[in-house]
Amino acid sequence: MRRLLWLLPLLALCGCANHWSSGRGPLFYPDRVGYDEGASAGASPGGGPEAVLTRHSPEGPVRDCQPEVVLHDGQPWLYFSSDREGDGFNLYRRRLGTWAVERLTHLPGDEFWPRVSPDGRWLAFAADARGDWDLYLLDLDNLSAPQLLTSPSREDDIQPAWSPDGLRLAYAAWSPTVADWAIHGLTFSDAARYAPPQPQPRGPTLIAAPAAKANAAEAAEAGLRTVHQRWLLFTAGGSQVTGMKPCWNPAGGDVLAYQEPRRDKQAYQGIKLYTFSSGLVTTLTPPRGYGAIQPAFDALGSRLVYLTSGKSASLLEAGDGIAISDLTGTVVQDLRNPASRGRIADPCLVRLADGEHLFFTLVDDDAEAICSVRLGD
């Protein structure tokens, strides 16, 4: 029952904009990065460059969310989840600069959290086609039926994240053991296309034996990827790593950022970093007065972008502002709410030909739209 209560806000984020609109409008930050509980609604009083907002969704009641921008043959493509065809949320893609969309998934139910592998070949996502949330893998070269990745259990697996080498997926899974969301993962074995995984001094704790060679050969014959190992994370002190929204540092496979759990409204959420080689967990403590959720690395792995949200927010999956920090937690840029209205979610930093862009979901009234602002060269 507790797991279902945790999942309801996530579903509200993914397609029920009226459930997670704050009703207070955007907040401004008077003298520092962060969220002052006494701040009033209104426009930002300076303190940050003006940015032109670009909308990547059509006007109207369409709900587009969870942008993922990748380069295919040097061209930027936008992957996203949308209910635009009226049969639930499905995954789509389109080349930026055009409006022609291609539907990628046709499973029953909803599909969310699209994540493209570093080589552009595979799309990982979560879907509830079997009643619970599972992870799937879609081959973008032929767009055949997606491959089920997670085991047939009654627990939920959501929010996949690729390692830089394309060999591993981290994700959030409901753990009955700790009655909370925990960071799990799986490792593929594709010797023909990928280098073998490197052992870690501490690393994840395995929870499944390697697949038999015969199974690997059969999977390769069918054009599938073989799950070689399944694992979950423990700290150096032996505690299971609980949290959500994992994100791998693209500069290397040793650091994973994630959003710590928030069990009630008496404490703020924050961003943490897990180091595989040591098992150490570092908390990126934001300035006093706001929470930090939904971390994402920039392309170089030197900065994190995340949402800022108030303690009194009714739901925890959208924010009132955006901050960019270095890996010590020092905020280097305060973007507040680039749209100056509604609430925001799903930040994604992308470097395109004309500079760095921030993509995000804007939740405004009964619609959700993907928008972006250009940050500079």
# chains A, B, ... in the order shown; residues from 1 in each chain; ligands from 1
>>> residues_around(residues="region 76-89 of chain A", least_positions_apart="4", cutoff="6 Å", atoms="only C-alpha atoms", output="compact mmCIF listing (two decimals) with N, CA and C atoms, in the first residue's frame")
# COMPACT_ATOMS: atom_id res chain seq x y z
N VAL A 62 -2.66 19.11 -25.28
CA VAL A 62 -1.72 18.00 -25.39
C VAL A 62 -0.77 18.00 -24.20
N ARG A 63 -0.42 16.83 -23.71
CA ARG A 63 0.50 16.70 -22.59
C ARG A 63 1.78 16.01 -23.06
N ASP A 64 2.81 16.81 -23.31
CA ASP A 64 4.14 16.31 -23.65
C ASP A 64 5.04 16.48 -22.44
N CYS A 65 5.91 15.51 -22.19
CA CYS A 65 6.76 15.60 -21.00
C CYS A 65 8.02 14.76 -21.18
N GLN A 66 8.95 14.92 -20.25
CA GLN A 66 10.16 14.11 -20.11
C GLN A 66 11.04 14.16 -21.36
N PRO A 67 11.54 15.34 -21.72
CA PRO A 67 12.39 15.45 -22.91
C PRO A 67 13.75 14.77 -22.75
N GLU A 68 14.20 14.17 -23.82
CA GLU A 68 15.54 13.60 -23.93
C GLU A 68 16.06 14.00 -25.31
N VAL A 69 17.14 14.76 -25.38
CA VAL A 69 17.67 15.26 -26.64
C VAL A 69 19.00 14.59 -26.92
N VAL A 70 19.11 13.96 -28.09
CA VAL A 70 20.33 13.26 -28.47
C VAL A 70 20.67 13.61 -29.91
N LEU A 71 21.92 13.35 -30.29
CA LEU A 71 22.38 13.60 -31.66
C LEU A 71 22.42 12.30 -32.43
N ARG A 93 9.46 10.60 -31.12
CA ARG A 93 10.66 11.37 -31.40
C ARG A 93 10.43 12.24 -32.64
N ARG A 94 11.17 13.32 -32.71
CA ARG A 94 11.18 14.16 -33.90
C ARG A 94 12.49 14.92 -33.96
N ARG A 95 12.90 15.26 -35.15
CA ARG A 95 14.11 16.04 -35.32
C ARG A 95 13.81 17.49 -34.99
N LEU A 96 14.65 18.10 -34.17
CA LEU A 96 14.45 19.51 -33.83
C LEU A 96 14.50 20.36 -35.08
N ASP A 110 0.70 2.92 -20.35
CA ASP A 110 1.50 4.13 -20.53
C ASP A 110 2.98 3.78 -20.58
N GLU A 111 3.74 4.61 -21.31
CA GLU A 111 5.19 4.49 -21.37
C GLU A 111 5.80 5.84 -21.00
N PHE A 112 6.80 5.80 -20.11
CA PHE A 112 7.44 7.02 -19.64
C PHE A 112 8.96 6.84 -19.57
>>> residues_around(residues="Pro146 (chain A)", least_positions_apart="2", cutoff="7 Å", atoms="only C-alpha atoms", output="JSON list (two decimals) with C-alpha atoms, in the first residue's frame")
[["chain", "number", "residue", "atom", "x", "y", "z"],
["A", 136, "TYR", "CA", 11.84, -2.24, -21.63],
["A", 137, "LEU", "CA", 14.46, -1.89, -24.34],
["A", 138, "LEU", "CA", 13.67, -0.84, -27.92],
["A", 144, "SER", "CA", 10.50, -4.07, -33.52],
["A", 148, "LEU", "CA", 11.29, -6.80, -21.46]]
>>> closest_residue(among="A:Ala292, A:Leu224, A:Ala236, A:Val305", to="Ser277 (chain A)", atoms="only C-alpha atoms")
A:Ala236
>>> residues_around(residues="Thr105 (chain A)", least_positions_apart="5", cutoff="8 Å", atoms="only C-alpha atoms", output="list in words")
Asn90, Leu91, Tyr92 and Glu111 of chain A
>>> write_last_selection(atoms="C-alpha atoms", output="short mmCIF file (atom, residue, chain, number, x, y, z; two decimals), in the first residue's frame")
data_model
loop_
_atom_site.label_atom_id
_atom_site.label_comp_id
_atom_site.auth_asym_id
_atom_site.auth_seq_id
_atom_site.Cartn_x
_atom_site.Cartn_y
_atom_site.Cartn_z
CA ASN A 90 3.41 6.72 -25.64
CA LEU A 91 6.95 7.55 -26.67
CA TYR A 92 7.74 9.70 -29.70
CA GLU A 111 5.19 4.49 -21.37
#
>>> residues_around(residues="Pro160 (chain A)", least_positions_apart="2", cutoff="12 Å", atoms="only C-alpha atoms", output="PyMOL selection string")
chain A and resi 112-117+123-127+133-137+149-150+156-158+162-163+168-173+183-186+244-248+258
>>> decode(residues="region 89-136 of chain A", atoms="C-alpha atoms", output="compact mmCIF listing (two decimals), in the first residue's frame")
# COMPACT_ATOMS: atom_id res chain seq x y z
CA PHE A 89 1.08 8.00 -22.94
CA ASN A 90 3.41 6.72 -25.64
CA LEU A 91 6.95 7.55 -26.67
CA TYR A 92 7.74 9.70 -29.70
CA ARG A 93 10.66 11.37 -31.40
CA ARG A 94 11.18 14.16 -33.90
CA ARG A 95 14.11 16.04 -35.32
CA LEU A 96 14.45 19.51 -33.83
CA GLY A 97 13.49 22.15 -36.33
CA THR A 98 10.67 20.03 -37.74
CA TRP A 99 7.19 19.16 -36.48
CA ALA A 100 6.84 15.65 -37.96
CA VAL A 101 6.74 13.14 -35.10
CA GLU A 102 7.36 9.40 -35.15
CA ARG A 103 5.60 7.17 -32.67
CA LEU A 104 7.94 4.58 -31.17
CA THR A 105 5.84 2.50 -28.75
CA HIS A 106 2.44 0.80 -28.98
CA LEU A 107 2.20 -1.13 -25.71
CA PRO A 108 -1.03 -1.15 -23.71
CA GLY A 109 -1.05 1.33 -20.85
CA ASP A 110 1.50 4.13 -20.53
CA GLU A 111 5.19 4.49 -21.37
CA PHE A 112 7.44 7.02 -19.64
CA TRP A 113 11.09 7.98 -18.97
CA PRO A 114 12.67 7.56 -22.44
CA ARG A 115 16.45 7.25 -22.30
CA VAL A 116 18.67 6.70 -25.38
CA SER A 117 21.90 4.71 -25.05
CA PRO A 118 25.19 6.56 -25.60
CA ASP A 119 25.66 4.97 -29.03
CA GLY A 120 22.12 5.96 -30.11
CA ARG A 121 21.07 2.37 -30.76
CA TRP A 122 18.79 1.53 -27.84
CA LEU A 123 15.88 3.24 -26.10
CA ALA A 124 15.25 2.24 -22.48
CA PHE A 125 11.95 3.18 -20.87
CA ALA A 126 9.37 2.14 -18.28
CA ALA A 127 5.85 0.90 -19.04
CA ASP A 128 2.92 -0.54 -17.11
CA ALA A 129 1.75 -2.91 -19.86
CA ARG A 130 1.64 -5.84 -17.40
CA GLY A 131 0.00 -3.92 -14.57
CA ASP A 132 3.18 -3.07 -12.67
CA TRP A 133 5.98 -0.85 -13.95
CA ASP A 134 8.73 -2.67 -15.85
CA LEU A 135 11.73 -1.63 -17.88
CA TYR A 136 11.84 -2.24 -21.63
